[in-house]
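Notes for the one structure printed next.
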Amino acid sequence: MKKNQFGKHSVFRFKRFEHRAYSAFNSMHRVVNIGVVVGCMLTFANTTESLAQSVSNDETPSRITGESLEEVVVTASRIELSMDQVAKLVTVITRDEIQQAPVQSIQDLLNYAAGVDVLQRGGHGVQADISIRGGSFDQTAILLNGVNLSNPQTGHYSFDIPINLNDIERIEIIHGPSSLVYGASAFSGGINIITKKNPDHKVYGKLQAGMHGLFGVEAGGSLQTNSSSNQLSVGYNRSDGYINNSDYDIFNALWQTRLNVDRSKIDIQLGYNDKQYGANTFYSAAYPNQYDETNTIMASIKGETGDKLKFIPLVYWNRHNDKFQLTKNSGSANHHRTDVYGSNLNLQYSSSLGITSLGAEFRNEGIISSVLGKPMNEPDGKYTHSDNRTNISYALEHSLILNKFTLTAGILANYNTSLKGSYKFYPSINAGYRIIDNLKVYGSWSKATRMPTFTDLYYNTKTHSGNANLKPEYSESYELGFKYSNSFLSAYITGYLMNGDNLIDWVKENPDDKWQSINLASIDKKGLEIGAKIYPHTFIQFLNPSTSLQLSYARLNQDGKNNSGEVNSNYVLNYLRDKFTAQLNLPLYKDKITTSFNFRWQKRMGNYINYETKESVPYPAFSTLDFGIKYKVTKGFIVNLAINNLYDTHYFDLGNIPQSGFWLMGGISYTLK
């Protein structure tokens, strides 16, 4: 209880407490109203902007103000847990970090995460293959607010999603297999993009421009009522491209509504994404004038009701259209349309023994195409081939949260109609123990699977040969790690082993051969990930309290055998062995002028075939530096300047596809609270 500026009393309503002496409130998962709070408790509570909301003052005699003292809550299990309770490695990119970063897309942003491999084909979100811990881009599940948008045609299109950077509250990256949480597609990890549900603005607008004909505009608005929160966001970005045939036009629109009915809530989201871009050498260096047009329509409704026993239903639909030209304006194109629809029902029961989750999912994946699938009996216009499969899964998980010990164990029963046989079972166990107040040890063991994409199965062209007899991938992984945190430092170190069987890759023996999709016999992976976030204000008092330095390093070694002897690999064997990142957020003048430095160094193993010399060439190591500066002119009005690849490094993520050099851009934005 404290007085506001009008002499009235405000009552703080604490939604949840974390571990240590007051962890009982968290384990009850109930709202507790506290009339008087001892000052020292507020002193030691974490009150950074991402974890707490500021107190507003008004003339209401007894106002209940939301004060959240919790850590970031993440979906690293089938129930929401705080970062402190999660017994595995999860990277969270917060809203503050997103707003400060000198990036134009989510793909660019993920470059700053050491455990994530981003293979860009075009800049600023045109197309990128995202993988975790040496997995392929098809082995990473991509979700928007818990809705799985992974593309069954190919992971190349999994980020064709309708979202603008200003929509995002945070991004959760789960390192390692997560089939129990996100479904069978989360073979090597998952990325869940969480949008703002209670926006802090009424109107938002942004305008930017830069080199290579870059132009972008983004606008959004929100409407709040007593029982609902409604948001609309639209964005458009274009560029002439940094090399020939690398131009792009991208449009996004996202509508979100949250309905609050008694103690229940319903989330509705509708989105549209449209891309048109020059695909210079994207899939084959022999054809530099490739061109792609894609669009995505998605819709979902998710509910949550109950207290001790929660019901969480979800219904979703996602359609992706793709028109691909091997030679731009040739009049010949491949047409594909995928439809994914499904429903989930998750039940959660809280008791003195912890929280039990029981879930079921029905997911149907279908494609009609001019080339992918089995021949249709009756062609449908430009579509002559099709395929369809249904994935059915049941999941059981229990989380036990004691004072110093956390245990989450569960099993996924999975069945796919394209396979012969019965259900397959994939267990998972995650455990953590707090050794001392600031140090925690954790370990995990899990199994996972992934179905081949329709491209893996059926893509037959002048340069590629699919394989309709591909088998699903399987893996078993182990992880052990430590987390440490205090007021100055937050750090982690983790090691993992993964044994993979039947991993799918596109390979060729000779430069003039076609790329062929095959099951590699087995791959064993051993990795180490280290990271630390430092707040130097603790011992350098003249620095702004929001100054931070974040360092991370990931190391991976692979060994194994394949079914074809010595081959050139297009994906799996070209893994990212080393990646080091450093991010410095440095306010220069209070909070009015802030700067951001983002450094990346990486070394990829494997080889690529140089298109001009026909020789197999190893991937060289390289480094890049991005810089951004923002100036808050007035309340809500911000001017920014960003430079990508500051010292103009010549590099590529995939062989023969050069990435952009020095790129200067700037913009202005305005937010009306």
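Following the order of the structure tokens, first chain is A, next is B, and so on, with residues numbered from 1 inside each chain and ligands from 1 in the order they appear.
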Just list as number ranges by chain whatever in region 110-277 of chain A DSSP marks as helix (DSSP H, G or I).
A: 110, 137-139, 155-157, 165-167, 179-182
Using 8 Å as the limit and counting only C-alpha atoms, can you tabulate each residue of region 453-473 of chain A that touches region 367-371 of chain A, with its shortest atom-to-atom distance in Å and the two atoms involved, as CSV?
residue,atom,partner,partner_atom,distance
A:Phe454,CA,A:Ile367,CA,7.9
A:Tyr458,CA,A:Val371,CA,7.5
A:Tyr459,CA,A:Val371,CA,7.0
A:Asn460,CA,A:Val371,CA,7.5
Would you export the selected residues with N, CA and C atoms as a compact mmCIF listing (two decimals), in the first residue's frame, please?
# COMPACT_ATOMS: atom_id res chain seq x y z
N PHE A 454 7.27 -32.46 -48.72
CA PHE A 454 6.82 -32.82 -50.07
C PHE A 454 7.91 -32.55 -51.11
N TYR A 458 9.23 -35.36 -53.74
CA TYR A 458 8.74 -35.31 -55.13
C TYR A 458 9.42 -34.29 -56.03
N TYR A 459 10.39 -33.53 -55.57
CA TYR A 459 10.93 -32.45 -56.39
C TYR A 459 11.86 -33.02 -57.46
N ASN A 460 11.37 -33.11 -58.70
CA ASN A 460 12.14 -33.64 -59.82
C ASN A 460 12.22 -32.58 -60.92
Nearest residue to Asp117 (chain A) from the set A:Glu615, A:Glu397, A:Asp292, A:Asp578 (distances using only C-alpha atoms)
A:Asp578
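Omitting Leu259 (chain A) and its sequence neighbours fewer than 6 positions away, and counting only C-alpha atoms, the residues within 7 Å are Ser227, Ser228, Ser229, Lys265, Ile266 and Asp267 of chain A.
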Selection export as a compact mmCIF listing (two decimals), in the first residue's frame, atoms kept: N, CA and C atoms:
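Below is the file out31.txt, written as the result:
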# COMPACT_ATOMS: atom_id res chain seq x y z
N SER A 227 -13.87 -5.54 -22.45
CA SER A 227 -13.82 -7.00 -22.59
C SER A 227 -12.96 -7.48 -23.75
N SER A 228 -12.28 -6.56 -24.44
CA SER A 228 -11.49 -7.01 -25.59
C SER A 228 -10.31 -6.08 -25.85
N SER A 229 -9.32 -6.65 -26.54
CA SER A 229 -8.18 -5.90 -27.05
C SER A 229 -8.04 -6.23 -28.52
N LYS A 265 -10.47 -16.51 -21.72
CA LYS A 265 -9.99 -15.63 -22.77
C LYS A 265 -10.00 -16.38 -24.10
N ILE A 266 -10.20 -15.61 -25.16
CA ILE A 266 -10.19 -16.15 -26.52
C ILE A 266 -9.28 -15.26 -27.36
N ASP A 267 -8.30 -15.89 -28.04
CA ASP A 267 -7.38 -15.16 -28.91
C ASP A 267 -7.68 -15.51 -30.36
Quote the spacing between CA of Ala279 (chain A) and CA of Lys462 (chain A) in Å to one decimal place.
17.1 Å
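Nearest to Ile523 (chain A) of all the residues A:His464, A:Val572, A:Ser82, A:Lys508 is A:Val572, counting only C-alpha atoms.
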Residue contacts of Lys525 (chain A) (7 Å, only C-alpha atoms) excluding same-chain residues fewer than 2 positions away, as a PDB file with C-alpha atoms, in the first residue's frame:
ATOM      1  CA  LEU A 497      24.911 -35.164 -27.560  1.00  0.00           C
ATOM      2  CA  MET A 498      22.543 -36.111 -30.366  1.00  0.00           C
ATOM      3  CA  ASN A 499      22.415 -39.368 -32.269  1.00  0.00           C
ATOM      4  CA  ILE A 523      25.058 -38.620 -37.714  1.00  0.00           C
ATOM      5  CA  GLY A 527      28.032 -29.534 -28.967  1.00  0.00           C
ATOM      6  CA  LEU A 556      29.493 -28.237 -32.782  1.00  0.00           C
ATOM      7  CA  ASN A 557      31.245 -31.341 -34.063  1.00  0.00           C
ATOM      8  CA  GLN A 558      29.598 -33.901 -36.332  1.00  0.00           C
ATOM      9  CA  ASP A 559      30.704 -37.338 -37.368  1.00  0.00           C
TER      10      ASP A 559
END
Please provide as a compact mmCIF listing (two decimals) with N, CA and C atoms, in the first residue's frame all residues within 6 Å of Leu584 (chain A), with the sequence filter that same-chain residues fewer than 3 positions apart are discarded (counting only C-alpha atoms).
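Writing done, so here's result_14.txt:
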# COMPACT_ATOMS: atom_id res chain seq x y z
N SER A 548 24.24 -2.93 -21.39
CA SER A 548 24.42 -4.38 -21.28
C SER A 548 25.37 -4.89 -22.36
N LEU A 549 26.10 -5.94 -22.01
CA LEU A 549 27.00 -6.62 -22.94
C LEU A 549 26.64 -8.10 -22.93
N SER A 596 23.70 0.54 -30.49
CA SER A 596 23.75 -0.92 -30.45
C SER A 596 24.82 -1.41 -31.41
N PHE A 597 25.72 -2.27 -30.92
CA PHE A 597 26.75 -2.89 -31.73
C PHE A 597 26.51 -4.41 -31.70
What lies within 12 Å of region 324-328 of chain A using only C-alpha atoms, ignoring chain neighbours under 4 positions off, as a PyMOL selection string?
chain A and resi 245-246+275-295+332-337+369-371+461-463
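Considering the residues A:Ala209, A:Ala113, A:Ala409, A:Leu165 and counting only C-alpha atoms, Ile194 (chain A) has its shortest atom-to-atom contact with A:Leu165.
In this comparison, which uses only C-alpha atoms, the residue of A:Arg389, A:Arg450, A:His175, A:Lys579 approaching Ile191 (chain A) most closely is A:His175.
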